[in-house]
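Enquirer: Okay, so here is entry_38.cif, and as you'll see once you scroll down, it has mmCIF, C-alpha atoms.
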```
data_structure
loop_
_atom_site.group_PDB
_atom_site.id
_atom_site.type_symbol
_atom_site.label_atom_id
_atom_site.label_comp_id
_atom_site.auth_asym_id
_atom_site.auth_seq_id
_atom_site.Cartn_x
_atom_site.Cartn_y
_atom_site.Cartn_z
ATOM 1 C CA MET A 1 0.000 0.000 0.000
ATOM 2 C CA MET A 2 1.265 3.461 -0.847
ATOM 3 C CA ARG A 3 1.985 5.768 2.062
ATOM 4 C CA PHE A 4 0.954 9.403 1.646
ATOM 5 C CA GLU A 5 3.140 11.432 3.982
ATOM 6 C CA ALA A 6 2.085 14.952 5.031
ATOM 7 C CA ARG A 7 4.295 16.638 2.411
ATOM 8 C CA LEU A 8 2.778 14.559 -0.373
ATOM 9 C CA ARG A 9 -0.819 14.890 0.872
ATOM 10 C CA GLU A 10 -0.594 18.659 1.115
ATOM 11 C CA GLY A 11 1.083 19.006 -2.281
ATOM 12 C CA ILE A 12 -1.565 16.884 -3.965
ATOM 13 C CA GLU A 13 -4.362 18.762 -2.216
ATOM 14 C CA HIS A 14 -3.058 22.100 -3.515
ATOM 15 C CA GLY A 15 -2.344 20.776 -7.012
ATOM 16 C CA GLN A 16 1.407 21.272 -6.634
ATOM 17 C CA ILE A 17 2.399 17.601 -6.770
ATOM 18 C CA VAL A 18 1.430 15.170 -9.527
ATOM 19 C CA LEU A 19 4.345 12.734 -9.274
ATOM 20 C CA ALA A 20 5.615 10.464 -6.517
ATOM 21 C CA PHE A 21 8.671 8.216 -6.464
ATOM 22 C CA ARG A 22 8.930 5.018 -4.448
ATOM 23 C CA ARG A 23 11.367 2.131 -4.108
ATOM 24 C CA TRP A 24 9.217 -0.991 -4.240
ATOM 25 C CA LYS A 25 10.030 -4.595 -5.018
ATOM 26 C CA ARG A 26 6.741 -4.581 -6.911
ATOM 27 C CA SER A 27 4.281 -1.794 -7.552
ATOM 28 C CA GLN A 28 1.902 -1.054 -4.691
ATOM 29 C CA VAL A 29 -0.557 0.856 -6.892
ATOM 30 C CA VAL A 30 -2.299 0.222 -10.217
ATOM 31 C CA ALA A 31 -2.930 2.743 -12.992
ATOM 32 C CA GLY A 32 -6.601 3.689 -13.189
ATOM 33 C CA HIS A 33 -7.290 2.863 -9.547
ATOM 34 C CA ARG A 34 -8.198 5.340 -6.839
ATOM 35 C CA TYR A 35 -6.542 5.574 -3.435
ATOM 36 C CA ARG A 36 -7.206 7.424 -0.211
ATOM 37 C CA THR A 37 -4.507 9.821 0.937
ATOM 38 C CA GLY A 38 -5.899 10.422 4.404
ATOM 39 C CA THR A 39 -7.400 13.767 3.397
ATOM 40 C CA GLY A 40 -8.942 12.923 0.025
ATOM 41 C CA LEU A 41 -8.792 10.735 -3.047
ATOM 42 C CA VAL A 42 -6.249 10.407 -5.851
ATOM 43 C CA GLU A 43 -6.329 8.479 -9.096
ATOM 44 C CA VAL A 44 -3.169 6.913 -10.467
ATOM 45 C CA ASP A 45 -2.590 7.757 -14.135
ATOM 46 C CA ALA A 46 0.581 5.766 -14.774
ATOM 47 C CA VAL A 47 3.208 3.693 -12.988
ATOM 48 C CA ASP A 48 6.666 3.180 -14.493
ATOM 49 C CA VAL A 49 9.931 1.670 -13.335
ATOM 50 C CA VAL A 50 12.694 4.223 -13.878
ATOM 51 C CA THR A 51 16.273 4.989 -12.913
ATOM 52 C CA PRO A 52 17.565 8.214 -11.337
ATOM 53 C CA ALA A 53 18.983 9.107 -14.761
ATOM 54 C CA ASP A 54 15.410 9.165 -16.158
ATOM 55 C CA ILE A 55 14.313 11.918 -13.760
ATOM 56 C CA ASP A 56 14.608 15.421 -15.203
ATOM 57 C CA GLN A 57 14.096 18.775 -13.526
ATOM 58 C CA THR A 58 10.468 18.991 -14.618
ATOM 59 C CA GLN A 59 9.723 15.720 -12.845
ATOM 60 C CA VAL A 60 11.614 16.939 -9.792
ATOM 61 C CA ARG A 61 9.313 19.976 -9.585
ATOM 62 C CA GLU A 62 6.209 17.865 -10.257
ATOM 63 C CA ALA A 63 7.206 15.692 -7.297
ATOM 64 C CA GLY A 64 7.514 18.753 -5.047
ATOM 65 C CA TYR A 65 11.301 18.975 -4.751
ATOM 66 C CA GLY A 66 13.858 21.611 -5.624
ATOM 67 C CA THR A 67 16.640 19.307 -6.769
ATOM 68 C CA ILE A 68 17.160 15.717 -7.833
ATOM 69 C CA ASP A 69 19.459 15.227 -4.827
ATOM 70 C CA GLU A 70 16.627 16.215 -2.463
ATOM 71 C CA LEU A 71 14.270 13.786 -4.176
ATOM 72 C CA LEU A 72 16.705 10.870 -4.043
ATOM 73 C CA ALA A 73 17.670 11.591 -0.441
ATOM 74 C CA ASP A 74 14.007 11.375 0.552
ATOM 75 C CA LEU A 75 13.522 7.890 -0.895
ATOM 76 C CA ARG A 76 13.168 4.954 1.467
ATOM 77 C CA GLY A 77 14.637 1.539 0.746
ATOM 78 C CA GLU A 78 17.859 0.095 -0.546
ATOM 79 C CA HIS A 79 19.358 1.397 -3.778
ATOM 80 C CA ASP A 80 18.962 -1.968 -5.514
ATOM 81 C CA VAL A 81 15.166 -1.936 -5.018
ATOM 82 C CA PRO A 82 13.347 -0.867 -8.225
ATOM 83 C CA LEU A 83 12.443 2.816 -8.421
ATOM 84 C CA HIS A 84 8.809 3.452 -9.385
ATOM 85 C CA ARG A 85 7.459 6.710 -10.760
ATOM 86 C CA VAL A 86 3.775 7.239 -9.989
ATOM 87 C CA ARG A 87 1.831 9.896 -11.882
ATOM 88 C CA LEU A 88 -1.418 10.802 -10.144
ATOM 89 C CA HIS A 89 -4.007 13.520 -9.723
ATOM 90 C CA ARG A 90 -6.421 14.629 -7.046
ATOM 91 C CA VAL A 91 -10.016 13.504 -7.474
ATOM 92 C CA ASP A 92 -12.508 16.285 -6.774
ATOM 93 C CA GLU A 93 -15.069 13.988 -5.217
ATOM 94 C CA PRO A 94 -15.842 13.264 -1.568
ATOM 95 C CA ASP A 95 -14.493 10.092 -0.026
ATOM 96 C CA PRO A 96 -17.404 7.591 -0.106
ATOM 97 C CA ARG A 97 -16.466 6.508 3.404
ATOM 98 C CA ALA A 98 -16.884 10.071 4.692
ATOM 99 C CA GLU A 99 -20.328 10.354 3.118
ATOM 100 C CA LEU A 100 -21.341 7.006 4.577
ATOM 101 C CA ALA A 101 -19.936 7.854 8.017
ATOM 102 C CA ALA A 102 -21.912 11.107 8.190
ATOM 103 C CA LYS A 103 -25.273 9.329 7.992
ATOM 104 C CA PRO A 104 -26.556 8.872 11.553
ATOM 105 C CA ALA A 105 -29.770 7.104 10.610
ATOM 106 C CA LEU A 106 -29.751 3.362 9.960
ATOM 107 C CA GLY A 107 -32.723 2.022 8.024
ATOM 108 C CA GLY A 108 -33.962 -1.501 8.484
ATOM 109 C CA ASP A 109 -32.190 -2.939 5.448
ATOM 110 C CA ASP A 110 -28.981 -1.026 6.173
ATOM 111 C CA LEU A 111 -29.010 -2.159 9.792
ATOM 112 C CA ALA A 112 -29.596 -5.777 8.837
ATOM 113 C CA SER A 113 -26.822 -5.663 6.228
ATOM 114 C CA LEU A 114 -24.357 -4.019 8.617
ATOM 115 C CA THR A 115 -25.184 -6.461 11.400
ATOM 116 C CA ALA A 116 -24.589 -9.385 9.045
ATOM 117 C CA ARG A 117 -21.287 -7.926 7.812
ATOM 118 C CA LEU A 118 -19.939 -7.445 11.321
ATOM 119 C CA ALA A 119 -21.184 -10.848 12.467
ATOM 120 C CA LYS A 120 -19.224 -12.457 9.639
ATOM 121 C CA MET A 121 -16.132 -10.419 10.536
ATOM 122 C CA ASP A 122 -16.470 -11.650 14.130
ATOM 123 C CA ARG A 123 -16.921 -15.282 13.115
ATOM 124 C CA THR A 124 -13.947 -15.397 10.766
ATOM 125 C CA ASP A 125 -11.377 -13.487 12.839
ATOM 126 C CA ALA A 126 -8.730 -15.021 15.079
ATOM 127 C CA HIS A 127 -9.715 -12.565 17.823
ATOM 128 C CA GLY A 128 -13.254 -13.919 17.878
ATOM 129 C CA PRO A 129 -16.077 -11.380 18.392
ATOM 130 C CA TRP A 130 -14.090 -8.150 18.178
ATOM 131 C CA THR A 131 -16.148 -5.538 16.350
ATOM 132 C CA GLY A 132 -18.296 -4.453 19.293
ATOM 133 C CA ALA A 133 -15.315 -4.413 21.649
ATOM 134 C CA VAL A 134 -13.304 -2.169 19.313
ATOM 135 C CA LEU A 135 -16.253 0.158 18.686
ATOM 136 C CA THR A 136 -16.773 0.416 22.445
ATOM 137 C CA GLN A 137 -13.102 1.202 23.096
ATOM 138 C CA ILE A 138 -13.202 4.016 20.552
ATOM 139 C CA ALA A 139 -16.534 5.334 21.840
ATOM 140 C CA GLU A 140 -15.294 5.448 25.424
ATOM 141 C CA HIS A 141 -11.820 6.778 24.601
ATOM 142 C CA PRO A 142 -12.051 9.123 21.596
ATOM 143 C CA GLY A 143 -8.814 10.782 20.541
ATOM 144 C CA THR A 144 -6.731 8.216 22.428
ATOM 145 C CA VAL A 145 -3.481 7.011 20.890
ATOM 146 C CA SER A 146 -3.924 3.624 19.213
ATOM 147 C CA THR A 147 -1.213 2.017 21.377
ATOM 148 C CA GLU A 148 -3.344 2.522 24.499
ATOM 149 C CA LEU A 149 -6.497 1.246 22.820
ATOM 150 C CA ALA A 150 -4.670 -1.837 21.583
ATOM 151 C CA ASP A 151 -3.139 -2.497 25.009
ATOM 152 C CA ALA A 152 -6.574 -2.331 26.635
ATOM 153 C CA LEU A 153 -7.670 -5.224 24.411
ATOM 154 C CA GLY A 154 -4.379 -7.100 24.653
ATOM 155 C CA TRP A 155 -3.630 -6.598 20.953
ATOM 156 C CA GLU A 156 -0.592 -5.504 19.012
ATOM 157 C CA ARG A 157 -0.869 -1.880 17.859
ATOM 158 C CA GLN A 158 -0.549 -2.593 14.125
ATOM 159 C CA ASP A 159 -3.089 -5.403 14.326
ATOM 160 C CA PHE A 160 -5.513 -3.077 16.105
ATOM 161 C CA LYS A 161 -5.074 -0.359 13.470
ATOM 162 C CA LEU A 162 -5.754 -2.845 10.661
ATOM 163 C CA HIS A 163 -8.995 -3.901 12.333
ATOM 164 C CA VAL A 164 -10.078 -0.292 12.858
ATOM 165 C CA ARG A 165 -9.444 0.295 9.152
ATOM 166 C CA ARG A 166 -11.968 -2.452 8.371
ATOM 167 C CA LEU A 167 -14.555 -0.622 10.470
ATOM 168 C CA LYS A 168 -13.672 2.638 8.755
ATOM 169 C CA GLU A 169 -14.378 1.024 5.380
ATOM 170 C CA LEU A 170 -17.938 0.518 6.633
ATOM 171 C CA GLY A 171 -18.219 4.163 7.680
ATOM 172 C CA LEU A 172 -18.227 3.381 11.415
ATOM 173 C CA THR A 173 -15.078 5.185 12.585
ATOM 174 C CA ILE A 174 -13.223 8.403 11.838
ATOM 175 C CA SER A 175 -9.458 8.832 12.085
ATOM 176 C CA LEU A 176 -8.291 11.843 14.080
ATOM 177 C CA THR A 177 -4.848 13.434 14.275
ATOM 178 C CA VAL A 178 -4.439 11.265 17.350
ATOM 179 C CA GLY A 179 -6.631 8.213 17.704
ATOM 180 C CA TYR A 180 -10.177 7.784 16.464
ATOM 181 C CA GLU A 181 -13.807 8.565 17.177
ATOM 182 C CA LEU A 182 -17.030 6.907 16.148
ATOM 183 C CA SER A 183 -18.789 8.417 13.161
ATOM 184 C CA PRO A 184 -22.492 9.285 13.507
ATOM 185 C CA ARG A 185 -23.174 6.000 11.720
ATOM 186 C CA GLY A 186 -20.872 4.128 14.098
ATOM 187 C CA ALA A 187 -22.461 5.711 17.169
ATOM 188 C CA ALA A 188 -25.914 4.797 15.878
ATOM 189 C CA PHE A 189 -24.870 1.201 15.291
ATOM 190 C CA LEU A 190 -23.188 0.836 18.683
ATOM 191 C CA GLY A 191 -26.328 2.299 20.254
ATOM 192 C CA HIS A 192 -28.332 -0.399 18.510
ATOM 193 C CA LEU A 193 -26.014 -3.126 19.805
ATOM 194 C CA ARG A 194 -26.248 -1.782 23.335
ATOM 195 C CA SER A 195 -30.033 -1.535 23.190
ATOM 196 C CA THR A 196 -30.253 -5.187 22.179
ATOM 197 C CA GLY A 197 -27.478 -6.396 24.494
ATOM 198 C CA ARG A 198 -25.283 -7.467 21.583
ATOM 199 C CA GLN A 199 -22.082 -5.443 21.804
ATOM 200 C CA ASP A 200 -19.955 -8.002 20.006
ATOM 201 C CA GLY A 201 -21.870 -7.643 16.719
ATOM 202 C CA SER A 202 -22.371 -11.386 16.495
ATOM 203 C CA GLY A 203 -25.875 -11.674 17.854
ATOM 204 C CA SER A 204 -24.880 -12.807 21.354
ATOM 205 C CA PRO A 205 -24.213 -10.757 24.491
ATOM 206 C CA SER A 206 -20.631 -9.611 24.888
ATOM 207 C CA SER A 207 -18.659 -9.725 28.119
ATOM 208 C CA SER A 208 -15.658 -7.892 26.688
ATOM 209 C CA ALA A 209 -17.307 -4.516 26.197
#
```
If you took the structure in this file and wrote it as structure tokens, what would it be?
Expert:
Amino acid sequence: MMRFEARLREGIEHGQIVLAFRRWKRSQVVAGHRYRTGTGLVEVDAVDVVTPADIDQTQVREAGYGTIDELLADLRGEHDVPLHRVRLHRVDEPDPRAELAAKPALGGDDLASLTARLAKMDRTDAHGPWTGAVLTQIAEHPGTVSTELADALGWERQDFKLHVRRLKELGLTISLTVGYELSPRGAAFLGHLRSTGRQDGSGSPSSSA
């Protein structure tokens, strides 16, 4: 997965950056696909494997650097790892997740579908019923660093973040500068679980929440 650091996100947002360079063993993006930067959406126009000798001053500027030396010094990875040039552009459309997250009301069909999705996630995960427990942690500790939330559940931090990302894909959580909070949709769904005594999302009462 491509990482969009603050410099790159801001440059894309202001239309100043249309190129990114990465050292990858294999490409982490596909031309024609859209990706979330953390603040918006971008679409990848082309991905090419290049050498430093292929990078001219125009490309240096399009990548948001002043010199080729600055660009190369900013690259991560060993020098023998292939260098990829990614041409992309900002997509002037709202993130579908943000639109979904902003909807506080859950209709009958939407509620049934969401309940089924989370129940399946609970059944097929090594952690067992986890969705309600994670939603509850975020609801009770908004803006808390992910390390503390993960520790409270006895999880590794990166594993916790990956699971929260799955909830974010469903419009249930929102990433903050530090930590997370429930979206209106997420708060509505957790309220439903609590009202029915099913905080694990699987259809049975949870003791972990």
Enquirer: Which value, in Å to one decimal, gives the distance between atom CA of Thr37 of chain A and atom CA of Glu62 of chain A?
Expert: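 Computing it gives 17.5 Å between the two atoms.
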Enquirer: Could you expand the PyMOL selection byres ((chain A and resi 43-49) around 10) into the explicit residues it covers here, written as a PyMOL selection string?
Expert: chain A and resi 18-24+26-36+41-42+50-51+54+82-91
Enquirer: Which one is closest to Ile55 of chain A: A:Leu172, A:Leu135, A:Ile68, A:Ala126? Count only C-alpha atoms.
Expert: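 Of all the options, A:Ile68 lies closest to Ile55 of chain A.
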Enquirer: So which residues are close to (-14.8, 4.6, 18.0), meaning at most 8 Å away in the file's coordinates with all atoms listed in the file counted, and can you show them as a CSV table (one decimal) with C-alpha atoms, keeping the file's coordinate frame?
Expert:
```
chain,number,residue,atom,x,y,z
A,134,VAL,CA,-13.3,-2.2,19.3
A,135,LEU,CA,-16.3,0.2,18.7
A,136,THR,CA,-16.8,0.4,22.4
A,137,GLN,CA,-13.1,1.2,23.1
A,138,ILE,CA,-13.2,4.0,20.6
A,139,ALA,CA,-16.5,5.3,21.8
A,140,GLU,CA,-15.3,5.4,25.4
A,141,HIS,CA,-11.8,6.8,24.6
A,142,PRO,CA,-12.1,9.1,21.6
A,172,LEU,CA,-18.2,3.4,11.4
A,173,THR,CA,-15.1,5.2,12.6
A,174,ILE,CA,-13.2,8.4,11.8
A,180,TYR,CA,-10.2,7.8,16.5
A,181,GLU,CA,-13.8,8.6,17.2
A,182,LEU,CA,-17.0,6.9,16.1
A,183,SER,CA,-18.8,8.4,13.2
A,186,GLY,CA,-20.9,4.1,14.1
A,187,ALA,CA,-22.5,5.7,17.2
```
Enquirer: Any idea what the distance is between atom CA of Gly11 of chain A and atom CA of Thr177 of chain A?
Expert: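 For atom CA of Gly11 of chain A relative to atom CA of Thr177 of chain A, the distance reads 18.4 Å.
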Enquirer: Give me the residues near Arg157 of chain A as a PyMOL selection string, where near means some atom within 7 Å (using all atoms listed in the file) and where sequence neighbours in that chain fewer than 5 positions away do not count.
Expert: chain A and resi 146-147+150
Enquirer: Identify which of the residues A:Arg61, A:Ala116, A:His127, A:Ser195 lies closest to Glu156 of chain A, counting all atoms listed in the file when measuring atom-to-atom distances.
Expert: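 Nearest to Glu156 of chain A: A:His127.
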Enquirer: Pick from A:Leu75, A:Ile17, A:Ala6, A:Leu149: nearest to Val60 of chain A, with all atoms listed in the file counted?
Expert: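 Result for the nearest residue to Val60 of chain A: A:Ile17.
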Enquirer: Can you list, as an mmCIF file with C-alpha atoms, in the frame of the given file, every protein, DNA or RNA residue that comes within 8 Å of Arg9 of chain A when you count only C-alpha atoms, leaving out same-chain residues fewer than 3 positions away?
Expert:
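As written to disk, out_9.cif reads:
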```cif
data_model
loop_
_atom_site.group_PDB
_atom_site.id
_atom_site.type_symbol
_atom_site.label_atom_id
_atom_site.label_comp_id
_atom_site.auth_asym_id
_atom_site.auth_seq_id
_atom_site.Cartn_x
_atom_site.Cartn_y
_atom_site.Cartn_z
ATOM 1 C CA PHE A 4 0.954 9.403 1.646
ATOM 2 C CA GLU A 5 3.140 11.432 3.982
ATOM 3 C CA ALA A 6 2.085 14.952 5.031
ATOM 4 C CA ILE A 12 -1.565 16.884 -3.965
ATOM 5 C CA GLU A 13 -4.362 18.762 -2.216
ATOM 6 C CA THR A 37 -4.507 9.821 0.937
ATOM 7 C CA GLY A 38 -5.899 10.422 4.404
ATOM 8 C CA THR A 39 -7.400 13.767 3.397
#
```
Enquirer: Please indicate the distance in Å from atom CA of Leu176 of chain A to atom CA of Ala63 of chain A, rounded to one decimal place.
Expert: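 According to the coordinates, atom CA of Leu176 of chain A and atom CA of Ala63 of chain A are separated by 26.7 Å.
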Enquirer: Using all atoms listed in the file, which residue out of A:Thr115, A:Lys25, A:Ala152, A:His14 lies closest to Val81 of chain A?
Expert: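 Once distances to Val81 of chain A are computed over all atoms listed in the file, the minimum belongs to A:Lys25.
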Enquirer: Using only C-alpha atoms, which of the listed residues (A:Asp92, A:Asp110, A:Asp74, A:Asp80) sits closest to Leu8 of chain A?
Expert: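 Nearest to Leu8 of chain A: A:Asp74.
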